[in-house]
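S.K.: Below is a structure I'd like to ask you about.
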Amino acid sequence: METTPEIALALLAQMKRIRMVEEAIADRYPEGRMRCPTHLSIGQEAPAAVLGSLLRMDDLVVSSHRAHAHYLAKGGSLRALIAELYGKETGCSRGRGGSMHLVDIDAGFMGSTAIVANSIPVGAGLGLALRMRHSENIACIFLGDGAVEEGVFYETANFAVLRRLPVVFICENNGYSVYSPLSVRQPENRELSSLAAAIGLRSGCVDSVDVLALHAQVAERMRAAREECLPAFIEIKTFRWREHCGPNHDDDLGYRDARLVDYWHAHDPLRLLQERLLDERCITSVGLATMERGIRDEIEDAFRFAEDSPFPDPDTLAEGVYRADDSVGIPWVGN
Amino acid sequence: MGRELNFCEAVNEALATAMTVDPDVICFGLGVGDPKNIFGTTLGLKERFGPDRVFDMPTSENAMTGIAVGASLLGLRPVMVHQRTDFFLLALDQLVNNAAKWHYMFGGGRAAGITIRLITGQGWGQGPTHSQNLHAWFAHIPGLKVVMPTNPYDAKGLLLASIFDPNPVVFIEHRWLHGSRAQVPDSPYRIPFGQAKELLAGQDLTIVATSYLTLEAWHAARFLRDQGISVSVIDLRSIKPLDRETIFRSVQTTGRLLVLDSAHLTGSVAGEIIALVASNLFAGLKQAPERMTFPDAPSPASPALTRNYYPRAPDIAAKVGEMLGRDVNPGALAAQCKFPHDVPGDWFNGPF
Ligand SMILES: Cc1ncc(C[n+]2csc(CCOP(=O)(O)OP(=O)(O)O)c2C)c(N)n1
Ligand SMILES: [Mg+2]
């Protein structure tokens, strides 16, 4: 698929939106009203925005603890996201899940979970069901570089290849699992995408600095995955700007090489894309300001919605542990 | 119309019925469709319903459980089977963190409607990692249901109830029950969870049991009856949900409770039942409730060591006699057993 100016602008808008939402969360987090662990995607907006533009409305997504961006890019409700962080009844998981358990079924965002790698097989199960139903949709599984170290990734990848499931693994490689760099977790010079390729996934690694190039390359891989019904693994090199969990910067701790941090700040994919689209006159500075104002209004609205929403009724604490419905006609027999 | 089936045939019939009634039912597990077909329980299913719905799988218990969860979110009803409970331990992340919680943690949308059949081993040297009984673990987790049928009739009705339940159900089959036989109706039926069955009604003491131990309790109770001791035997059938009312009703009559549990003593379901009875019926108890379980030690392989590991009918009879202050001569009951202690009967001669 060609990356048209319209697509480029949509990518810019989505990345800006994700960044501004995450920054608003970070700004207000110290108020103490979003009382849950929160993993922000500032710096990592590109993979989400690109996938959001390539996935169809009825394609399905699962994700991990760092899922705000994926949820928003897939079309998840911003109001319901912020309300979830506030623990409100109007949250996407009605305050039961928090930041790490997002869902918006109508948008095809089937769930994000907080145990590293454990939504991976769930995504493959969606793929199995899509295949059985002869659907043309695909299931997209977002995972981090840390998740590639969990056994369940290999188990799932193997089954996906064995059964040619319509799934795409999107691995956001930000180089870290919390404070632990890849160098203490994997042998030198190993590419994560080569691990995936060895199992038989159609695999490749793409950089995210140039968002339009990222879009073009991912688009091509997605097209192949759809048309040839072969599961794919796309590693996307990216970088998290803030602390692993929480609103702050943590580079004072010295766990990341200053040159690495400087490199990514100098190569912020969002800023580079914006400059390029201004240069190429795809957007004017007035247009940009309008875009930003629209996003700011949407964010203001979402926070107001969250703040005005009621908390869940404490009496409903133990409700919903089980689902109660019965849709089959087989008779019940008593004693 | 009914006819006599063994436990495996009843499970097989329930699976075939479910797959006929609902094209969304799928069935998989390591060994499904192989020449042995999970002790015959999945025999003929692949031929009848096709390889898309009935299939063998990689030795990847954890991922395959998560795949079942994902498939169930789109409306499939996966039935997964493991030839030993112990193998399923590799899948606890998917069971506990995903399947059990999905409905609750996403605010009540979809649920993981999956059925996990687990087969529990005993005797014949199964040893520490092929004969574990972990139902108490599963029962501890909100969001799971735990079913432990004792006979072919219940196996069919409870398995159909499990498959069509919108929640994750752990369905535990004791390997020693696979040879048991009973009249089973041809037609489909479901048995509700949380309804215990009082197999024998008695006046002197209540025995609460599940799964295989129900049979041992029944033998003990029949033996005791000939000595004028009248014992109630309650088969719980499911431990989550648990039918407290049937237990309480019986204990209100007898005032005495013995709980049998095929599990280690510490943290057992037996302890939970005694706690419930003690808290709710304290004044109605004539003596302290007792429980018979496995020791707090792994199950050993050698037959020399398993002899005293598992409570059997003579032990149960002796315990009841002790509680009632009666000499019941359990040796006479032990003498009736015509086969070695580490097999369920003539039909079983290994290897697992
Ligand atoms: C099984 C498991 N182990 C450890 C953790 C704690 N933990 C939370 S996020 C995380 C880092 C995962 O790294 P990665 O997959 O690269 O994602 P990133 O945070 O970099 O986006 C860890 C170890 C967890 N949630 N689950
Ligand atoms: Mg990482």
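Labels used: A, B, ... for chains in the order of the structure tokens, numbers from 1 for residues in each chain, and numbers from 1 for ligands as shown.
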Could you tell me, as number ranges by chain, which residues of range 74-157 of chain A DSSP assigns to strand (DSSP E) when given the backbone?
M.R.: A: 109-112, 139-144
S.K.: Generate a file of the selected residues that holds all heavy atoms, formatted as a CSV table (one decimal), in the first residue's frame.
M.R.:
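Contents of selection05.csv, as written:
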```csv
chain,number,residue,atom,x,y,z
A,109,PHE,N,-10.7,-4.4,19.9
A,109,PHE,CA,-9.6,-4.5,20.9
A,109,PHE,C,-10.1,-5.5,22.0
A,109,PHE,O,-10.9,-5.2,22.8
A,109,PHE,CB,-9.3,-3.1,21.5
A,109,PHE,CG,-8.0,-3.2,22.3
A,109,PHE,CD1,-6.8,-2.9,21.7
A,109,PHE,CD2,-8.0,-3.5,23.6
A,109,PHE,CE1,-5.6,-3.0,22.4
A,109,PHE,CE2,-6.9,-3.5,24.4
A,109,PHE,CZ,-5.7,-3.3,23.7
A,110,MET,N,-9.6,-6.8,21.9
A,110,MET,CA,-10.2,-7.9,22.6
A,110,MET,C,-9.7,-8.0,24.0
A,110,MET,O,-10.2,-8.7,24.8
A,110,MET,CB,-9.9,-9.2,21.9
A,110,MET,CG,-10.5,-9.2,20.5
A,110,MET,SD,-12.3,-8.9,20.4
A,110,MET,CE,-12.9,-10.4,21.0
A,111,GLY,N,-8.6,-7.3,24.3
A,111,GLY,CA,-8.1,-7.3,25.7
A,111,GLY,C,-6.6,-7.1,25.8
A,111,GLY,O,-5.9,-7.6,24.9
A,112,SER,N,-6.2,-6.5,26.9
A,112,SER,CA,-4.7,-6.4,27.1
A,112,SER,C,-4.5,-6.9,28.5
A,112,SER,O,-5.4,-6.7,29.4
A,112,SER,CB,-4.2,-5.0,27.1
A,112,SER,OG,-4.9,-4.1,28.0
A,139,ALA,N,-5.8,-11.5,13.4
A,139,ALA,CA,-5.6,-11.1,14.8
A,139,ALA,C,-4.2,-10.6,15.0
A,139,ALA,O,-3.2,-11.3,14.5
A,139,ALA,CB,-5.8,-12.4,15.7
A,140,CYS,N,-4.1,-9.5,15.6
A,140,CYS,CA,-2.8,-8.8,15.8
A,140,CYS,C,-2.4,-8.9,17.2
A,140,CYS,O,-3.2,-8.5,18.1
A,140,CYS,CB,-2.9,-7.4,15.3
A,140,CYS,SG,-1.5,-6.4,15.7
A,141,ILE,N,-1.2,-9.4,17.5
A,141,ILE,CA,-0.7,-9.6,18.9
A,141,ILE,C,0.4,-8.6,19.1
A,141,ILE,O,1.5,-8.7,18.5
A,141,ILE,CB,-0.2,-11.0,19.0
A,141,ILE,CG1,-1.3,-12.0,18.7
A,141,ILE,CG2,0.3,-11.2,20.4
A,141,ILE,CD1,-0.8,-13.5,18.6
A,142,PHE,N,0.2,-7.6,20.0
A,142,PHE,CA,1.3,-6.7,20.4
A,142,PHE,C,2.0,-7.4,21.6
A,142,PHE,O,1.4,-7.8,22.5
A,142,PHE,CB,0.7,-5.4,20.8
A,142,PHE,CG,0.3,-4.5,19.7
A,142,PHE,CD1,-1.0,-4.4,19.3
A,142,PHE,CD2,1.3,-3.8,19.0
A,142,PHE,CE1,-1.4,-3.5,18.3
A,142,PHE,CE2,0.9,-2.9,17.9
A,142,PHE,CZ,-0.5,-2.8,17.6
A,143,LEU,N,3.4,-7.3,21.5
A,143,LEU,CA,4.2,-7.8,22.6
A,143,LEU,C,5.5,-7.0,22.7
A,143,LEU,O,5.8,-6.3,21.7
A,143,LEU,CB,4.5,-9.3,22.4
A,143,LEU,CG,5.3,-9.7,21.1
A,143,LEU,CD1,6.2,-10.9,21.4
A,143,LEU,CD2,4.4,-10.1,20.0
A,144,GLY,N,6.1,-7.1,23.8
A,144,GLY,CA,7.4,-6.4,24.0
A,144,GLY,C,8.6,-7.3,23.7
A,144,GLY,O,8.4,-8.5,23.5
```
S.K.: Please report as a CSV table (one decimal) with all heavy atoms, in the first residue's frame which residues of chain B come no farther than 7 Å from chain A, using only C-alpha atoms.
M.R.:
```csv
chain,number,residue,atom,x,y,z
B,60,SER,N,2.3,-28.4,24.3
B,60,SER,CA,2.4,-26.9,24.7
B,60,SER,C,1.2,-26.6,25.5
B,60,SER,O,0.3,-25.9,25.0
B,60,SER,CB,2.5,-26.1,23.4
B,60,SER,OG,3.5,-26.4,22.6
B,62,ASN,N,0.5,-24.7,28.0
B,62,ASN,CA,0.2,-23.4,28.4
B,62,ASN,C,-0.4,-22.6,27.2
B,62,ASN,O,-1.5,-22.0,27.3
B,62,ASN,CB,1.4,-22.6,28.9
B,62,ASN,CG,1.1,-21.4,29.7
B,62,ASN,OD1,0.0,-21.2,30.2
B,62,ASN,ND2,2.0,-20.4,29.7
B,63,ALA,N,0.3,-22.6,26.1
B,63,ALA,CA,-0.2,-21.9,24.9
B,63,ALA,C,-1.5,-22.4,24.5
B,63,ALA,O,-2.5,-21.7,24.1
B,63,ALA,CB,0.8,-21.9,23.7
B,66,GLY,N,-4.3,-21.0,26.4
B,66,GLY,CA,-4.5,-19.6,26.0
B,66,GLY,C,-5.2,-19.6,24.7
B,66,GLY,O,-6.1,-18.7,24.4
B,67,ILE,N,-4.9,-20.5,23.8
B,67,ILE,CA,-5.5,-20.5,22.5
B,67,ILE,C,-7.0,-20.9,22.7
B,67,ILE,O,-7.9,-20.4,22.0
B,67,ILE,CB,-4.8,-21.5,21.6
B,67,ILE,CG1,-3.5,-20.8,21.1
B,67,ILE,CG2,-5.6,-22.0,20.4
B,67,ILE,CD1,-2.4,-21.7,20.5
B,68,ALA,N,-7.3,-21.8,23.6
B,68,ALA,CA,-8.7,-22.1,23.9
B,68,ALA,C,-9.4,-20.9,24.4
B,68,ALA,O,-10.5,-20.6,24.0
B,68,ALA,CB,-8.7,-23.3,25.0
B,69,VAL,N,-8.7,-20.2,25.3
B,69,VAL,CA,-9.3,-18.9,25.8
B,69,VAL,C,-9.7,-18.0,24.7
B,69,VAL,O,-10.8,-17.5,24.6
B,69,VAL,CB,-8.4,-18.2,26.9
B,69,VAL,CG1,-9.0,-16.9,27.2
B,69,VAL,CG2,-8.3,-19.1,28.1
B,70,GLY,N,-8.7,-17.7,23.8
B,70,GLY,CA,-8.9,-16.8,22.7
B,70,GLY,C,-10.1,-17.3,21.8
B,70,GLY,O,-10.9,-16.5,21.4
B,71,ALA,N,-10.1,-18.6,21.5
B,71,ALA,CA,-11.1,-19.1,20.6
B,71,ALA,C,-12.5,-19.0,21.3
B,71,ALA,O,-13.5,-18.7,20.6
B,71,ALA,CB,-10.8,-20.6,20.3
B,74,LEU,N,-14.5,-15.7,20.8
B,74,LEU,CA,-15.3,-15.6,19.6
B,74,LEU,C,-16.4,-16.6,19.5
B,74,LEU,O,-17.0,-16.8,18.4
B,74,LEU,CB,-14.3,-15.7,18.4
B,74,LEU,CG,-13.3,-14.5,18.2
B,74,LEU,CD1,-12.6,-14.6,16.9
B,74,LEU,CD2,-14.0,-13.2,18.4
B,76,LEU,N,-16.4,-20.0,20.3
B,76,LEU,CA,-16.1,-21.5,20.2
B,76,LEU,C,-16.2,-22.0,21.6
B,76,LEU,O,-16.1,-21.3,22.6
B,76,LEU,CB,-14.8,-21.8,19.6
B,76,LEU,CG,-14.6,-21.4,18.1
B,76,LEU,CD1,-13.2,-21.9,17.6
B,76,LEU,CD2,-15.7,-22.0,17.3
B,94,GLN,N,-2.3,-19.5,32.1
B,94,GLN,CA,-3.5,-19.2,31.3
B,94,GLN,C,-4.8,-19.5,32.0
B,94,GLN,O,-5.8,-18.8,31.9
B,94,GLN,CB,-3.4,-20.1,30.0
B,94,GLN,CG,-2.3,-19.5,29.0
B,94,GLN,CD,-2.6,-18.1,28.6
B,94,GLN,OE1,-3.7,-17.7,28.5
B,94,GLN,NE2,-1.5,-17.3,28.5
B,103,HIS,N,-13.8,-12.7,32.5
B,103,HIS,CA,-15.1,-12.0,32.6
B,103,HIS,C,-15.1,-10.9,33.6
B,103,HIS,O,-15.6,-9.8,33.3
B,103,HIS,CB,-16.2,-13.1,32.9
B,103,HIS,CG,-17.6,-12.6,32.9
B,103,HIS,ND1,-18.3,-12.3,34.0
B,103,HIS,CD2,-18.4,-12.2,31.9
B,103,HIS,CE1,-19.5,-11.8,33.7
B,103,HIS,NE2,-19.6,-11.8,32.4
B,104,TYR,N,-14.5,-11.2,34.7
B,104,TYR,CA,-14.5,-10.2,35.8
B,104,TYR,C,-13.6,-9.0,35.5
B,104,TYR,O,-14.0,-7.8,35.6
B,104,TYR,CB,-14.0,-10.8,37.1
B,104,TYR,CG,-14.2,-9.9,38.3
B,104,TYR,CD1,-15.3,-9.8,39.1
B,104,TYR,CD2,-13.1,-9.1,38.7
B,104,TYR,CE1,-15.4,-9.0,40.1
B,104,TYR,CE2,-13.2,-8.3,39.8
B,104,TYR,CZ,-14.4,-8.2,40.5
B,104,TYR,OH,-14.5,-7.4,41.6
B,105,MET,N,-12.4,-9.3,35.0
B,105,MET,CA,-11.4,-8.2,34.9
B,105,MET,C,-11.7,-7.3,33.7
B,105,MET,O,-11.1,-6.2,33.7
B,105,MET,CB,-10.0,-8.7,34.9
B,105,MET,CG,-9.5,-9.3,33.7
B,105,MET,SD,-7.8,-9.9,34.0
B,105,MET,CE,-7.4,-10.8,32.5
B,106,PHE,N,-12.5,-7.7,32.8
B,106,PHE,CA,-12.9,-6.8,31.7
B,106,PHE,C,-14.3,-6.3,31.9
B,106,PHE,O,-15.0,-5.9,31.0
B,106,PHE,CB,-12.7,-7.4,30.4
B,106,PHE,CG,-11.2,-7.7,30.0
B,106,PHE,CD1,-10.7,-8.9,29.9
B,106,PHE,CD2,-10.4,-6.6,29.9
B,106,PHE,CE1,-9.4,-9.1,29.6
B,106,PHE,CE2,-9.0,-6.8,29.6
B,106,PHE,CZ,-8.5,-8.0,29.5
B,107,GLY,N,-14.7,-6.3,33.1
B,107,GLY,CA,-16.0,-5.6,33.5
B,107,GLY,C,-17.2,-6.4,33.0
B,107,GLY,O,-18.3,-5.8,32.9
B,108,GLY,N,-17.1,-7.7,32.8
B,108,GLY,CA,-18.3,-8.5,32.5
B,108,GLY,C,-18.7,-8.6,31.1
B,108,GLY,O,-19.9,-8.8,30.8
B,111,ALA,N,-16.5,-14.1,28.3
B,111,ALA,CA,-16.0,-15.0,29.4
B,111,ALA,C,-15.3,-16.1,28.6
B,111,ALA,O,-15.5,-16.4,27.5
B,111,ALA,CB,-17.1,-15.6,30.2
B,142,PRO,N,-11.4,-17.8,42.3
B,142,PRO,CA,-12.7,-17.2,41.8
B,142,PRO,C,-12.7,-17.2,40.3
B,142,PRO,O,-11.7,-16.9,39.6
B,142,PRO,CB,-12.7,-15.8,42.3
B,142,PRO,CG,-11.6,-15.8,43.4
B,142,PRO,CD,-10.6,-16.8,43.0
B,143,GLY,N,-13.8,-17.6,39.8
B,143,GLY,CA,-14.0,-17.6,38.3
B,143,GLY,C,-13.9,-19.0,37.7
B,143,GLY,O,-14.3,-19.3,36.6
B,164,PHE,N,-21.3,-26.5,28.0
B,164,PHE,CA,-22.2,-25.4,27.7
B,164,PHE,C,-22.2,-24.4,28.7
B,164,PHE,O,-23.0,-23.4,28.6
B,164,PHE,CB,-23.6,-26.0,27.3
B,164,PHE,CG,-23.5,-26.8,26.0
B,164,PHE,CD1,-23.6,-28.2,26.0
B,164,PHE,CD2,-23.3,-26.1,24.8
B,164,PHE,CE1,-23.5,-28.9,24.8
B,164,PHE,CE2,-23.2,-26.9,23.6
B,164,PHE,CZ,-23.3,-28.3,23.6
B,166,PRO,N,-20.9,-21.0,30.3
B,166,PRO,CA,-20.1,-20.0,29.7
B,166,PRO,C,-18.8,-19.6,30.4
B,166,PRO,O,-18.1,-18.8,30.0
B,166,PRO,CB,-21.1,-18.8,29.7
B,166,PRO,CG,-22.0,-19.1,30.8
B,166,PRO,CD,-22.1,-20.6,30.9
B,167,ASN,N,-18.5,-20.3,31.5
B,167,ASN,CA,-17.3,-20.1,32.3
B,167,ASN,C,-16.3,-21.2,32.2
B,167,ASN,O,-16.7,-22.3,31.7
B,167,ASN,CB,-17.7,-20.0,33.8
B,167,ASN,CG,-18.7,-18.8,34.0
B,167,ASN,OD1,-18.4,-17.7,33.9
B,167,ASN,ND2,-20.0,-19.2,34.1
B,188,PRO,N,-29.6,-36.7,25.5
B,188,PRO,CA,-28.8,-35.7,26.2
B,188,PRO,C,-29.4,-35.2,27.5
B,188,PRO,O,-30.6,-35.0,27.5
B,188,PRO,CB,-28.6,-34.6,25.2
B,188,PRO,CG,-29.3,-35.1,23.9
B,188,PRO,CD,-30.2,-36.2,24.2
B,189,TYR,N,-28.6,-34.9,28.5
B,189,TYR,CA,-29.1,-34.3,29.7
B,189,TYR,C,-28.0,-33.6,30.4
B,189,TYR,O,-26.8,-34.0,30.2
B,189,TYR,CB,-29.8,-35.4,30.7
B,189,TYR,CG,-28.8,-36.5,31.1
B,189,TYR,CD1,-28.1,-36.4,32.2
B,189,TYR,CD2,-28.6,-37.6,30.2
B,189,TYR,CE1,-27.2,-37.4,32.6
B,189,TYR,CE2,-27.7,-38.6,30.6
B,189,TYR,CZ,-27.0,-38.5,31.7
B,189,TYR,OH,-26.1,-39.5,32.1
B,190,ARG,N,-28.3,-32.6,31.2
B,190,ARG,CA,-27.3,-31.9,32.0
B,190,ARG,C,-27.6,-32.0,33.4
B,190,ARG,O,-28.7,-31.9,33.8
B,190,ARG,CB,-27.2,-30.5,31.5
B,190,ARG,CG,-26.6,-30.3,30.2
B,190,ARG,CD,-26.4,-28.8,29.8
B,190,ARG,NE,-27.7,-28.2,29.6
B,190,ARG,CZ,-27.9,-26.9,29.4
B,190,ARG,NH1,-26.9,-26.0,29.5
B,190,ARG,NH2,-29.1,-26.4,29.1
B,191,ILE,N,-26.5,-32.2,34.2
B,191,ILE,CA,-26.7,-32.2,35.7
B,191,ILE,C,-26.1,-30.9,36.2
B,191,ILE,O,-25.0,-30.5,35.9
B,191,ILE,CB,-25.9,-33.4,36.3
B,191,ILE,CG1,-26.5,-34.7,35.8
B,191,ILE,CG2,-25.9,-33.3,37.8
B,191,ILE,CD1,-25.7,-35.9,36.2
B,192,PRO,N,-26.9,-30.1,37.0
B,192,PRO,CA,-26.5,-28.8,37.5
B,192,PRO,C,-25.3,-29.0,38.4
B,192,PRO,O,-25.2,-30.0,39.2
B,192,PRO,CB,-27.7,-28.3,38.2
B,192,PRO,CG,-28.8,-29.2,37.9
B,192,PRO,CD,-28.3,-30.5,37.4
B,197,LYS,N,-25.2,-35.4,45.7
B,197,LYS,CA,-26.2,-36.5,45.7
B,197,LYS,C,-26.0,-37.4,47.0
B,197,LYS,O,-24.9,-37.8,47.3
B,197,LYS,CB,-26.0,-37.4,44.5
B,197,LYS,CG,-27.1,-38.4,44.3
B,197,LYS,CD,-27.3,-38.7,42.8
B,197,LYS,CE,-26.4,-39.7,42.2
B,197,LYS,NZ,-26.6,-39.9,40.8
```
S.K.: How close does chain A get to ligand 2? List, as JSON lines, each residue of chain A within 12 Å, its nearest atom pair and the distance in Å to one decimal, counting only C-alpha atoms and all ligand atoms.
M.R.:
```
{"residue": "A:His39", "atom": "CA", "partner": "ligand 2", "partner_atom_place_in_ligand_line": "1 (Mg)", "distance": 11.2}
{"residue": "A:Ser41", "atom": "CA", "partner": "ligand 2", "partner_atom_place_in_ligand_line": "1 (Mg)", "distance": 11.0}
{"residue": "A:Gln44", "atom": "CA", "partner": "ligand 2", "partner_atom_place_in_ligand_line": "1 (Mg)", "distance": 10.6}
{"residue": "A:Ser64", "atom": "CA", "partner": "ligand 2", "partner_atom_place_in_ligand_line": "1 (Mg)", "distance": 10.9}
{"residue": "A:His65", "atom": "CA", "partner": "ligand 2", "partner_atom_place_in_ligand_line": "1 (Mg)", "distance": 10.8}
{"residue": "A:Arg66", "atom": "CA", "partner": "ligand 2", "partner_atom_place_in_ligand_line": "1 (Mg)", "distance": 9.5}
{"residue": "A:Val116", "atom": "CA", "partner": "ligand 2", "partner_atom_place_in_ligand_line": "1 (Mg)", "distance": 10.3}
{"residue": "A:Ala117", "atom": "CA", "partner": "ligand 2", "partner_atom_place_in_ligand_line": "1 (Mg)", "distance": 11.6}
{"residue": "A:Phe142", "atom": "CA", "partner": "ligand 2", "partner_atom_place_in_ligand_line": "1 (Mg)", "distance": 11.5}
{"residue": "A:Leu143", "atom": "CA", "partner": "ligand 2", "partner_atom_place_in_ligand_line": "1 (Mg)", "distance": 8.5}
{"residue": "A:Gly144", "atom": "CA", "partner": "ligand 2", "partner_atom_place_in_ligand_line": "1 (Mg)", "distance": 4.8}
{"residue": "A:Asp145", "atom": "CA", "partner": "ligand 2", "partner_atom_place_in_ligand_line": "1 (Mg)", "distance": 4.6}
{"residue": "A:Gly146", "atom": "CA", "partner": "ligand 2", "partner_atom_place_in_ligand_line": "1 (Mg)", "distance": 5.3}
{"residue": "A:Ala147", "atom": "CA", "partner": "ligand 2", "partner_atom_place_in_ligand_line": "1 (Mg)", "distance": 8.0}
{"residue": "A:Val148", "atom": "CA", "partner": "ligand 2", "partner_atom_place_in_ligand_line": "1 (Mg)", "distance": 9.7}
{"residue": "A:Glu149", "atom": "CA", "partner": "ligand 2", "partner_atom_place_in_ligand_line": "1 (Mg)", "distance": 10.8}
{"residue": "A:Cys171", "atom": "CA", "partner": "ligand 2", "partner_atom_place_in_ligand_line": "1 (Mg)", "distance": 9.0}
{"residue": "A:Glu172", "atom": "CA", "partner": "ligand 2", "partner_atom_place_in_ligand_line": "1 (Mg)", "distance": 6.9}
{"residue": "A:Asn173", "atom": "CA", "partner": "ligand 2", "partner_atom_place_in_ligand_line": "1 (Mg)", "distance": 5.5}
{"residue": "A:Asn174", "atom": "CA", "partner": "ligand 2", "partner_atom_place_in_ligand_line": "1 (Mg)", "distance": 4.6}
{"residue": "A:Gly175", "atom": "CA", "partner": "ligand 2", "partner_atom_place_in_ligand_line": "1 (Mg)", "distance": 5.3}
{"residue": "A:Tyr176", "atom": "CA", "partner": "ligand 2", "partner_atom_place_in_ligand_line": "1 (Mg)", "distance": 4.1}
{"residue": "A:Ser177", "atom": "CA", "partner": "ligand 2", "partner_atom_place_in_ligand_line": "1 (Mg)", "distance": 4.5}
{"residue": "A:Val178", "atom": "CA", "partner": "ligand 2", "partner_atom_place_in_ligand_line": "1 (Mg)", "distance": 7.0}
{"residue": "A:Tyr179", "atom": "CA", "partner": "ligand 2", "partner_atom_place_in_ligand_line": "1 (Mg)", "distance": 9.2}
{"residue": "A:Ser180", "atom": "CA", "partner": "ligand 2", "partner_atom_place_in_ligand_line": "1 (Mg)", "distance": 8.8}
{"residue": "A:Pro181", "atom": "CA", "partner": "ligand 2", "partner_atom_place_in_ligand_line": "1 (Mg)", "distance": 8.4}
{"residue": "A:Leu182", "atom": "CA", "partner": "ligand 2", "partner_atom_place_in_ligand_line": "1 (Mg)", "distance": 8.6}
{"residue": "A:Arg185", "atom": "CA", "partner": "ligand 2", "partner_atom_place_in_ligand_line": "1 (Mg)", "distance": 11.2}
{"residue": "A:Leu192", "atom": "CA", "partner": "ligand 2", "partner_atom_place_in_ligand_line": "1 (Mg)", "distance": 11.8}
{"residue": "A:Glu235", "atom": "CA", "partner": "ligand 2", "partner_atom_place_in_ligand_line": "1 (Mg)", "distance": 11.4}
{"residue": "A:Ile236", "atom": "CA", "partner": "ligand 2", "partner_atom_place_in_ligand_line": "1 (Mg)", "distance": 10.9}
{"residue": "A:Lys237", "atom": "CA", "partner": "ligand 2", "partner_atom_place_in_ligand_line": "1 (Mg)", "distance": 9.9}
{"residue": "A:Thr238", "atom": "CA", "partner": "ligand 2", "partner_atom_place_in_ligand_line": "1 (Mg)", "distance": 9.0}
{"residue": "A:Phe239", "atom": "CA", "partner": "ligand 2", "partner_atom_place_in_ligand_line": "1 (Mg)", "distance": 8.4}
{"residue": "A:Arg240", "atom": "CA", "partner": "ligand 2", "partner_atom_place_in_ligand_line": "1 (Mg)", "distance": 8.2}
{"residue": "A:Trp241", "atom": "CA", "partner": "ligand 2", "partner_atom_place_in_ligand_line": "1 (Mg)", "distance": 11.7}
{"residue": "A:Glu243", "atom": "CA", "partner": "ligand 2", "partner_atom_place_in_ligand_line": "1 (Mg)", "distance": 11.6}
{"residue": "A:His244", "atom": "CA", "partner": "ligand 2", "partner_atom_place_in_ligand_line": "1 (Mg)", "distance": 8.8}
{"residue": "A:Cys245", "atom": "CA", "partner": "ligand 2", "partner_atom_place_in_ligand_line": "1 (Mg)", "distance": 11.7}
```
S.K.: Point out the residue among A:Glu150, A:Asp207, A:Asp106, A:Glu45 with the least atom-to-atom distance to ligand 1, counting only C-alpha atoms and all ligand atoms.
M.R.: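 Of the candidates, the smallest distance to ligand 1 is held by A:Glu150.
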S.K.: Considering only C-alpha atoms, state which residue in the set B:Gly109, B:Gly2, B:Gly179, B:Pro149 is at the smallest distance from Leu236 in chain B.
M.R.: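 Nearest candidate to Leu236 in chain B out of B:Gly109, B:Gly2, B:Gly179, B:Pro149: B:Pro149.
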S.K.: List the neighbours of Glu4 in chain B out to 7 Å using only C-alpha atoms; skip same-chain residues closer than 3 positions along the sequence, and give me the result as JSON, numbers by chain.
M.R.: {"B": [181, 182, 183, 184]}
S.K.: At a cut-off of 9 Å, using only C-alpha atoms, what residues contact Leu212 in chain A? Leave out same-chain residues fewer than 5 positions from it and give the result as a list in words.
M.R.: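 Everything that qualifies: Thr3, Ala8, Leu11, Val50, Gln217 and Leu273 of chain A.
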S.K.: Applying 9 Å and only C-alpha atoms, which residues near Gln122 in chain B remain after dropping the ones on its own chain fewer than 4 positions away? List them as a list in words.
M.R.: Gln126, Gly127, His130, Ser131, Gln132, His174, Arg175, Trp176, Ser299, Tyr310, Asp342, Val343, Pro344 and Phe352 of chain B
S.K.: B:Asn151, B:Thr65, B:Asn349, B:Asn329: which is nearest Leu213 in chain B, counting only C-alpha atoms?
M.R.: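 That would be B:Asn151, the residue with the smallest distance to Leu213 in chain B.
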S.K.: Where in range 167-333 of chain A does DSSP assign alpha helix (DSSP H), given as a PyMOL selection string?
M.R.: chain A and resi 192-199+211-228+258-266+269-279+285-308
S.K.: Please provide the set of residues having any atom within 9 Å of Ile247 in chain B, restricted to only C-alpha atoms, with same-chain residues fewer than 6 positions apart removed, written as JSON, numbers by chain.
M.R.: {"B": [196, 198, 206, 208, 234, 236, 273, 277]}
S.K.: Which polymer residues have any atom within 6 Å of an atom of range 196-204 of chain A, counting only C-alpha atoms, with same-chain residues fewer than 3 positions away left out, as a list in words?
M.R.: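 These residues fall inside the cut-off: Ser193, Pro231, Ala232, Phe233 and Ile234 of chain A.
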